[in-house]
>>> print(open('run08.cif').read())   # mmCIF, C-alpha atoms and all ligand atoms
data_structure
#
loop_
_atom_site.label_atom_id
_atom_site.label_comp_id
_atom_site.auth_asym_id
_atom_site.auth_seq_id
_atom_site.Cartn_x
_atom_site.Cartn_y
_atom_site.Cartn_z
CA MET I 151 26.60 9.83 10.79
CA ALA I 152 29.48 11.15 8.66
CA THR I 153 29.03 14.72 7.50
CA THR I 154 29.76 16.05 4.07
CA THR I 155 28.80 19.06 2.02
CA ARG I 156 26.04 18.23 -0.39
CA ARG I 157 25.35 20.78 -3.12
CA PRO I 158 21.58 21.23 -3.27
CA LEU I 159 19.80 20.15 -6.44
CA MET I 160 16.69 21.86 -7.74
CA ALA I 161 15.23 19.69 -10.47
CA GLY I 162 12.24 20.74 -12.55
CA ASN I 163 10.15 17.79 -13.74
CA TRP I 164 8.07 19.24 -16.54
CA LYS I 165 6.04 16.03 -16.86
CA MET I 166 3.99 16.01 -20.12
CA ASN I 167 4.17 19.77 -20.66
CA LEU I 168 5.84 22.14 -23.14
CA THR I 169 6.68 21.65 -26.79
CA HIS I 170 10.31 21.92 -27.89
CA LEU I 171 9.73 25.57 -28.83
CA GLU I 172 8.25 26.34 -25.43
CA ALA I 173 11.15 24.44 -23.88
CA ILE I 174 13.67 26.74 -25.57
CA ALA I 175 11.85 29.84 -24.31
CA LEU I 176 11.67 28.51 -20.76
CA VAL I 177 15.32 27.47 -20.56
CA GLN I 178 16.47 30.84 -21.94
CA LYS I 179 14.37 32.71 -19.40
CA LEU I 180 15.55 30.46 -16.58
CA ALA I 181 19.20 30.91 -17.50
CA PHE I 182 18.84 34.69 -17.55
CA SER I 183 17.14 34.64 -14.13
CA LEU I 184 19.99 32.87 -12.36
CA ASN I 185 23.45 34.32 -11.84
CA ASP I 186 26.79 32.56 -11.40
CA ASP I 187 26.54 32.78 -7.63
CA ASP I 188 23.11 31.10 -7.63
CA LEU I 189 24.39 28.31 -9.83
CA GLU I 190 27.47 27.82 -7.73
CA LYS I 191 25.38 27.41 -4.59
CA VAL I 192 22.67 25.27 -6.15
CA GLU I 193 22.66 22.84 -9.06
CA VAL I 194 19.66 23.46 -11.30
CA ALA I 195 18.33 20.82 -13.67
CA VAL I 196 15.41 20.60 -16.07
CA LEU I 197 13.72 17.32 -16.91
CA PRO I 198 11.74 17.93 -20.11
CA PRO I 199 9.73 15.47 -22.19
CA PHE I 200 11.89 13.36 -24.53
CA THR I 201 10.76 15.39 -27.56
CA ASP I 202 12.34 18.54 -26.08
CA LEU I 203 15.71 17.12 -25.12
CA ARG I 204 17.57 17.75 -28.37
CA SER I 205 16.49 21.39 -28.41
CA VAL I 206 17.42 21.84 -24.75
CA GLN I 207 20.80 20.21 -25.37
CA THR I 208 21.55 22.42 -28.37
CA LEU I 209 20.59 25.60 -26.51
CA ILE I 210 22.50 24.77 -23.33
CA ASP I 211 25.61 23.76 -25.30
CA ALA I 212 25.51 26.76 -27.63
CA ASP I 213 25.00 29.35 -24.91
CA ARG I 214 27.09 27.49 -22.31
CA TYR I 215 24.35 27.69 -19.73
CA ASN I 216 25.35 26.15 -16.42
CA LEU I 217 22.18 24.05 -16.26
CA ALA I 218 21.86 20.29 -16.14
CA TYR I 219 19.11 18.31 -17.81
CA GLY I 220 17.78 14.82 -18.04
CA GLY I 221 14.94 12.50 -18.99
CA GLN I 222 11.81 11.58 -17.08
CA ASP I 223 12.09 7.82 -17.63
CA LEU I 224 14.17 5.21 -19.45
CA SER I 225 13.80 1.63 -20.60
CA PRO I 226 15.58 -1.09 -18.67
CA GLN I 227 16.60 -2.49 -22.09
CA ASP I 228 19.53 -1.27 -24.18
CA SER I 229 17.77 -1.44 -27.56
CA GLY I 230 15.34 -3.55 -29.55
CA ALA I 231 11.65 -4.03 -30.26
CA TYR I 232 10.22 -1.92 -27.43
CA THR I 233 7.87 0.47 -29.19
CA GLY I 234 7.64 3.86 -27.58
CA ASP I 235 10.52 3.31 -25.17
CA ILE I 236 13.72 5.32 -24.87
CA SER I 237 17.03 3.78 -23.83
CA GLY I 238 19.66 5.06 -21.44
CA ALA I 239 22.10 5.14 -24.36
CA MET I 240 19.80 7.54 -26.23
CA LEU I 241 19.58 9.85 -23.23
CA ALA I 242 23.33 9.71 -22.68
CA LYS I 243 23.95 10.60 -26.33
CA LEU I 244 21.79 13.69 -25.80
CA GLY I 245 24.10 14.78 -22.99
CA CYS I 246 21.66 14.03 -20.17
CA THR I 247 23.06 13.97 -16.66
CA TYR I 248 19.94 12.73 -14.90
CA VAL I 249 17.00 10.45 -15.41
CA VAL I 250 13.93 10.19 -13.20
CA VAL I 251 13.16 6.61 -12.19
CA GLY I 252 10.10 5.27 -10.40
CA HIS I 253 8.04 8.43 -10.33
CA SER I 254 4.67 7.74 -8.68
CA GLU I 255 2.91 8.64 -11.94
CA ARG I 256 4.87 5.90 -13.70
CA ARG I 257 4.08 3.49 -10.88
CA GLN I 258 0.38 4.45 -11.04
CA TYR I 259 -0.29 4.80 -14.77
CA HIS I 260 2.26 2.32 -16.12
CA ALA I 261 2.15 -0.25 -13.31
CA GLU I 262 5.87 0.07 -12.61
CA THR I 263 7.00 -2.30 -9.88
CA ASP I 264 9.99 -2.06 -7.57
CA GLU I 265 11.66 -4.78 -9.67
CA LEU I 266 11.29 -2.71 -12.82
CA VAL I 267 12.50 0.39 -11.00
CA ALA I 268 15.59 -1.54 -9.85
CA ALA I 269 16.27 -2.65 -13.43
CA LYS I 270 15.90 0.91 -14.70
CA ILE I 271 18.34 2.18 -12.09
CA LYS I 272 20.92 -0.34 -13.26
CA ALA I 273 20.28 0.66 -16.89
CA ALA I 274 20.81 4.31 -15.95
CA TYR I 275 24.18 3.61 -14.37
CA LYS I 276 25.20 1.39 -17.26
CA HIS I 277 24.83 4.39 -19.55
CA GLY I 278 26.45 6.92 -17.25
CA LEU I 279 23.22 8.59 -16.11
CA THR I 280 22.45 9.58 -12.52
CA PRO I 281 19.05 8.28 -11.43
CA ILE I 282 16.66 10.47 -9.51
CA LEU I 283 14.79 7.72 -7.71
CA CYS I 284 11.30 8.67 -6.53
CA VAL I 285 9.75 7.07 -3.46
CA GLY I 286 6.82 8.06 -1.28
CA GLU I 287 3.53 6.93 0.15
CA PRO I 288 -0.08 7.41 -0.97
CA LEU I 289 -2.60 9.09 1.32
CA GLU I 290 -4.12 5.94 2.81
CA VAL I 291 -0.69 4.69 3.85
CA ARG I 292 0.05 8.00 5.57
CA GLN I 293 -3.32 7.87 7.32
CA GLU I 294 -2.40 4.43 8.65
CA ASN I 295 0.91 5.87 9.84
CA ARG I 296 2.87 3.40 7.70
CA HIS I 297 4.56 6.06 5.55
CA VAL I 298 8.10 5.40 6.76
CA GLU I 299 8.00 1.63 6.29
CA HIS I 300 6.26 1.99 2.89
CA THR I 301 8.82 4.48 1.59
CA LEU I 302 11.79 2.49 2.89
CA ALA I 303 10.41 -0.70 1.33
CA GLN I 304 10.30 1.11 -2.03
CA LEU I 305 13.89 2.25 -1.44
CA ASP I 306 15.04 -1.29 -0.60
CA GLY I 307 13.32 -2.65 -3.69
CA ALA I 308 14.80 -0.03 -6.00
CA LEU I 309 18.34 -0.47 -4.68
CA ASP I 310 18.26 -4.25 -4.81
CA GLY I 311 21.57 -5.46 -6.22
CA LEU I 312 23.09 -1.98 -6.49
CA GLY I 313 26.69 -1.58 -5.27
CA ALA I 314 27.95 1.08 -2.88
CA GLU I 315 29.96 2.92 -5.51
CA GLN I 316 26.87 3.55 -7.61
CA ALA I 317 24.60 4.16 -4.63
CA ALA I 318 26.86 7.01 -3.52
CA SER I 319 25.86 9.09 -6.53
CA ILE I 320 22.14 8.34 -6.61
CA VAL I 321 19.61 11.09 -5.93
CA VAL I 322 16.54 10.04 -3.94
CA ALA I 323 13.38 12.14 -4.09
CA TYR I 324 10.86 11.68 -1.31
CA GLU I 325 7.51 12.50 -2.88
CA PRO I 326 4.42 11.78 -0.80
CA VAL I 327 1.79 11.01 -3.43
CA TRP I 328 -0.87 13.02 -1.58
CA ALA I 329 1.24 16.16 -2.00
CA ILE I 330 1.88 15.82 -5.75
CA GLY I 331 -0.01 18.36 -7.82
CA THR I 332 -2.53 18.84 -5.03
CA GLY I 333 -1.29 22.09 -3.55
CA GLU I 334 -0.98 20.23 -0.27
CA VAL I 335 2.66 20.41 0.73
CA ALA I 336 4.26 18.22 3.39
CA THR I 337 5.45 20.16 6.41
CA PRO I 338 9.17 20.74 6.72
CA ASP I 339 9.10 18.25 9.61
CA ASP I 340 7.41 15.63 7.40
CA ALA I 341 10.06 16.14 4.74
CA GLN I 342 12.87 15.91 7.29
CA GLU I 343 11.40 12.79 8.91
CA LEU I 344 11.51 10.86 5.66
CA ALA I 345 14.75 12.37 4.37
CA ALA I 346 16.45 11.31 7.61
CA ALA I 347 14.87 7.84 7.47
CA ILE I 348 16.07 7.42 3.87
CA ARG I 349 19.60 8.47 4.83
CA GLU I 350 19.59 6.15 7.80
CA ARG I 351 18.53 3.23 5.59
CA LEU I 352 21.27 4.12 3.10
CA ALA I 353 23.76 4.10 5.97
CA LYS I 354 22.56 0.67 7.01
CA LEU I 355 22.84 -0.66 3.45
CA TYR I 356 26.03 1.05 2.32
CA GLY I 357 27.71 2.69 5.30
CA ALA I 358 27.68 6.19 6.72
CA ASP I 359 30.10 7.64 4.14
CA VAL I 360 27.87 6.67 1.23
CA ALA I 361 24.73 7.87 3.02
CA ALA I 362 26.35 11.22 3.72
CA LYS I 363 27.01 11.77 0.01
CA VAL I 364 23.50 11.02 -1.30
CA ARG I 365 21.27 13.97 -2.03
CA VAL I 366 17.73 13.50 -0.78
CA LEU I 367 15.16 15.79 -2.38
CA TYR I 368 11.63 16.61 -1.35
CA GLY I 369 8.89 16.75 -3.99
CA GLY I 370 5.21 17.65 -3.77
CA SER I 371 3.67 21.08 -4.41
CA VAL I 372 6.97 22.92 -3.92
CA LYS I 373 6.68 26.64 -4.68
CA ALA I 374 8.78 29.72 -4.09
CA SER I 375 6.60 30.51 -1.08
CA ASN I 376 7.20 27.21 0.74
CA VAL I 377 10.64 26.04 -0.37
CA LYS I 378 12.84 27.85 2.15
CA PRO I 379 11.76 26.12 5.39
CA ILE I 380 11.89 22.78 3.59
CA MET I 381 15.45 23.51 2.46
CA GLU I 382 16.44 24.42 6.01
CA GLN I 383 15.95 20.81 7.09
CA PRO I 384 19.32 19.12 7.63
CA ASP I 385 18.63 16.03 5.52
CA VAL I 386 16.80 17.75 2.65
CA ASP I 387 19.19 18.57 -0.19
CA GLY I 388 16.88 19.99 -2.80
CA ALA I 389 13.52 19.68 -4.45
CA LEU I 390 11.91 17.83 -7.33
CA VAL I 391 9.48 20.41 -8.61
CA GLY I 392 6.58 19.61 -10.92
CA GLY I 393 3.93 22.22 -11.71
CA ALA I 394 5.96 25.21 -10.52
CA SER I 395 8.89 24.26 -12.75
CA ILE I 396 7.09 25.05 -16.01
CA ASN I 397 6.97 28.70 -15.04
CA ALA I 398 10.49 30.07 -15.48
CA ASP I 399 10.03 32.96 -13.02
CA GLU I 400 8.64 30.71 -10.29
CA PHE I 401 11.25 28.01 -10.80
CA ALA I 402 14.05 30.59 -10.74
CA LEU I 403 12.70 31.90 -7.43
CA ILE I 404 12.69 28.34 -6.08
CA ALA I 405 16.25 27.75 -7.29
CA ARG I 406 17.47 30.91 -5.59
CA TYR I 407 15.59 30.24 -2.37
CA HIS I 408 18.75 31.10 -0.45
CA ARG I 409 18.30 34.75 -1.43
CA ASN I 410 14.83 34.88 0.14
CA PRO I 411 14.58 36.65 3.48
O1 LIG O 1 8.14 15.33 -9.93
C1 LIG O 1 7.59 16.21 -9.30
C2 LIG O 1 6.55 15.91 -8.35
O2 LIG O 1 5.68 14.94 -8.82
C3 LIG O 1 5.88 17.10 -7.74
O3 LIG O 1 4.94 17.65 -8.59
P1 LIG O 1 4.21 19.02 -8.14
O4 LIG O 1 5.31 19.98 -7.77
O5 LIG O 1 3.42 19.44 -9.31
O6 LIG O 1 3.37 18.67 -6.94
#
>>> encode(input="run08.cif", output="structure tokens")
Amino acid sequence: MATTTRRPLMAGNWKMNLTHLEAIALVQKLAFSLNDDDLEKVEVAVLPPFTDLRSVQTLIDADRYNLAYGGQDLSPQDSGAYTGDISGAMLAKLGCTYVVVGHSERRQYHAETDELVAAKIKAAYKHGLTPILCVGEPLEVRQENRHVEHTLAQLDGALDGLGAEQAASIVVAYEPVWAIGTGEVATPDDAQELAAAIRERLAKLYGADVAAKVRVLYGGSVKASNVKPIMEQPDVDGALVGGASINADEFALIARYHRNP
């Protein structure tokens, strides 16, 4: 496998939390908790609800914070009669770098299929956004020891029709559903097993050079107290953090995990 230096990404998925005023307070606090050295070592991104994005954009631009941000979902369509949906063009106009695609909560509560996830990934690239593609198995699949094949099938489905040039910049988040919001975190070995399997599949699909560039995150009950051993795994390049990311102090500690003893 080709080796390359991948800058870790710590992305905070706020889910359906925080008003735009609370968003401003959190981003300010987060920015003050991280120094230039932290932000050189680790890329830090926030993924607020759509209603917060304009405020987050204005604050980050005005104060020149070295923080990235993005949306939690996008429509596969460019525009039109799709009530309640948000297009990639709208997110791009707000200065978003990232967009989460295929989160298990979207798959569960909005019946998102792999086909739809693949279409959303293409829409993200069309509008210059970097997808954070979420894959991962539910508890019963893990209990049947089919977690690797399940997760790789989701990956194959999501990447269907995607070229190597675009695949090289995707971010893949391995999120075992049983670890999301449950307090039950995967072991560092579990995270490494799937991160390595994802990279291997990317190498098979796109070649070793592409696979070596892709950042693979772990997500599921990440906290300041458990992030370091997960980040020490060779194929884990960051974390997609849910609950702990809406507390600025905790998320800052996660982002500067490298300072922890
Ligand atoms: O997107 C983030 C994941 O769903 C993890 O959420 P959590 O950290 O609350 O378990």
>>> residues_around(input="run08.cif", residues="Ala161 (chain I)", least_positions_apart="5", cutoff="7 Å", atoms="all atoms listed in the file", output="PyMOL selection string")
chain I and resi 194-196+389-391
>>> atom_distance(input="run08.cif", atom1="CA of Lys165 (chain I)", atom2="CA of Glu262 (chain I)")
16.5 Å
>>> atom_distance(input="run08.cif", atom1="CA of Ala341 (chain I)", atom2="CA of Gln383 (chain I)")
7.9 Å
>>> closest_atom_pairs(input="run08.cif", of="region 312-396 of chain I", to="region 242-252 of chain I", cutoff="10 Å", atoms="all atoms listed in the file", output="Markdown table")
| residue | atom | partner | partner_atom | distance |
| --- | --- | --- | --- | --- |
| I:Ile320 | CA | I:Tyr248 | CA | 9.6 |
| I:Val321 | CA | I:Tyr248 | CA | 9.1 |
| I:Val322 | CA | I:Val251 | CA | 9.6 |
| I:Ala323 | CA | I:Val250 | CA | 9.3 |
| I:Leu390 | CA | I:Val250 | CA | 9.8 |
>>> axis_aligned_box(input="run08.cif", around="ligand LIG 1 (chain O)", padding_each_side="3 Å", output="JSON")
{"center_x": 5.8, "center_y": 17.5, "center_z": -8.4, "size_x": 10.8, "size_y": 11.0, "size_z": 9.0}
>>> residues_around(input="run08.cif", residues="region 397-411 of chain I", least_positions_apart="4", cutoff="7 Å", atoms="all atoms listed in the file", output="PDB file with C-alpha atoms, in the coordinates of the input")
ATOM      1  CA  MET I 160      16.690  21.860  -7.740  1.00  0.00           C
ATOM      2  CA  LEU I 176      11.670  28.510 -20.760  1.00  0.00           C
ATOM      3  CA  LYS I 179      14.370  32.710 -19.400  1.00  0.00           C
ATOM      4  CA  LEU I 180      15.550  30.460 -16.580  1.00  0.00           C
ATOM      5  CA  SER I 183      17.140  34.640 -14.130  1.00  0.00           C
ATOM      6  CA  LEU I 184      19.990  32.870 -12.360  1.00  0.00           C
ATOM      7  CA  ASP I 188      23.110  31.100  -7.630  1.00  0.00           C
ATOM      8  CA  VAL I 192      22.670  25.270  -6.150  1.00  0.00           C
ATOM      9  CA  VAL I 194      19.660  23.460 -11.300  1.00  0.00           C
ATOM     10  CA  LYS I 373       6.680  26.640  -4.680  1.00  0.00           C
ATOM     11  CA  ALA I 374       8.780  29.720  -4.090  1.00  0.00           C
ATOM     12  CA  VAL I 377      10.640  26.040  -0.370  1.00  0.00           C
ATOM     13  CA  LYS I 378      12.840  27.850   2.150  1.00  0.00           C
TER      14      LYS I 378
END
>>> residues_near_ligand(input="run08.cif", ligand="ligand LIG 1 (chain O)", cutoff="6 Å", atoms="all atoms listed in the file", output="list in words")
Asn163, Ala329, Ile330, Gly331, Gly369, Gly370, Ser371, Val372, Leu390, Val391, Gly392, Gly393 and Ala394 of chain I
>>> decode(input="run08.cif", residues="region 222-243 of chain I", atoms="N, CA and C atoms", output="mmCIF file, in the first residue's frame")
data_model
loop_
_atom_site.group_PDB
_atom_site.id
_atom_site.type_symbol
_atom_site.label_atom_id
_atom_site.label_comp_id
_atom_site.auth_asym_id
_atom_site.auth_seq_id
_atom_site.Cartn_x
_atom_site.Cartn_y
_atom_site.Cartn_z
ATOM 1 N N GLN I 222 -25.102 18.816 6.836
ATOM 2 C CA GLN I 222 -25.317 17.434 7.321
ATOM 3 C C GLN I 222 -26.004 16.560 6.279
ATOM 4 N N ASP I 223 -26.404 17.160 5.172
ATOM 5 C CA ASP I 223 -27.117 16.413 4.126
ATOM 6 C C ASP I 223 -27.250 17.352 2.939
ATOM 7 N N LEU I 224 -27.558 16.812 1.772
ATOM 8 C CA LEU I 224 -27.907 17.638 0.615
ATOM 9 C C LEU I 224 -28.847 16.853 -0.274
ATOM 10 N N SER I 225 -29.536 17.579 -1.138
ATOM 11 C CA SER I 225 -30.414 16.928 -2.112
ATOM 12 C C SER I 225 -29.568 16.421 -3.273
ATOM 13 N N PRO I 226 -29.997 15.332 -3.904
ATOM 14 C CA PRO I 226 -29.305 14.931 -5.128
ATOM 15 C C PRO I 226 -29.665 15.839 -6.299
ATOM 16 N N GLN I 227 -30.731 16.652 -6.137
ATOM 17 C CA GLN I 227 -31.191 17.536 -7.211
ATOM 18 C C GLN I 227 -30.502 18.902 -7.107
ATOM 19 N N ASP I 228 -30.456 19.597 -8.247
ATOM 20 C CA ASP I 228 -29.830 20.931 -8.254
ATOM 21 C C ASP I 228 -30.773 22.018 -7.747
ATOM 22 N N SER I 229 -32.053 21.897 -8.094
ATOM 23 C CA SER I 229 -33.049 22.902 -7.685
ATOM 24 C C SER I 229 -34.416 22.355 -8.070
ATOM 25 N N GLY I 230 -35.465 23.053 -7.649
ATOM 26 C CA GLY I 230 -36.802 22.649 -8.089
ATOM 27 C C GLY I 230 -37.771 22.428 -6.951
ATOM 28 N N ALA I 231 -38.850 21.728 -7.262
ATOM 29 C CA ALA I 231 -39.954 21.543 -6.319
ATOM 30 C C ALA I 231 -39.664 20.368 -5.389
ATOM 31 N N TYR I 232 -38.774 20.584 -4.457
ATOM 32 C CA TYR I 232 -38.375 19.553 -3.483
ATOM 33 C C TYR I 232 -38.459 20.175 -2.088
ATOM 34 N N THR I 233 -39.668 20.301 -1.606
ATOM 35 C CA THR I 233 -39.930 21.034 -0.366
ATOM 36 C C THR I 233 -39.084 20.508 0.801
ATOM 37 N N GLY I 234 -38.426 21.413 1.438
ATOM 38 C CA GLY I 234 -37.644 21.058 2.624
ATOM 39 C C GLY I 234 -36.221 20.656 2.315
ATOM 40 N N ASP I 235 -35.891 20.468 1.042
ATOM 41 C CA ASP I 235 -34.532 20.020 0.704
ATOM 42 C C ASP I 235 -33.585 21.200 0.479
ATOM 43 N N ILE I 236 -32.315 20.909 0.557
ATOM 44 C CA ILE I 236 -31.256 21.915 0.391
ATOM 45 C C ILE I 236 -30.291 21.383 -0.660
ATOM 46 N N SER I 237 -29.951 22.233 -1.624
ATOM 47 C CA SER I 237 -29.087 21.757 -2.715
ATOM 48 C C SER I 237 -27.607 21.952 -2.391
ATOM 49 N N GLY I 238 -26.790 21.233 -3.149
ATOM 50 C CA GLY I 238 -25.339 21.412 -3.035
ATOM 51 C C GLY I 238 -24.934 22.829 -3.386
ATOM 52 N N ALA I 239 -25.611 23.421 -4.366
ATOM 53 C CA ALA I 239 -25.289 24.804 -4.763
ATOM 54 C C ALA I 239 -25.507 25.762 -3.600
ATOM 55 N N MET I 240 -26.575 25.522 -2.833
ATOM 56 C CA MET I 240 -26.867 26.399 -1.678
ATOM 57 C C MET I 240 -25.775 26.272 -0.623
ATOM 58 N N LEU I 241 -25.327 25.057 -0.389
ATOM 59 C CA LEU I 241 -24.262 24.844 0.602
ATOM 60 C C LEU I 241 -22.949 25.459 0.108
ATOM 61 N N ALA I 242 -22.682 25.292 -1.168
ATOM 62 C CA ALA I 242 -21.437 25.844 -1.717
ATOM 63 C C ALA I 242 -21.439 27.367 -1.601
ATOM 64 N N LYS I 243 -22.599 27.979 -1.854
ATOM 65 C CA LYS I 243 -22.700 29.445 -1.781
ATOM 66 C C LYS I 243 -22.456 29.939 -0.357
#
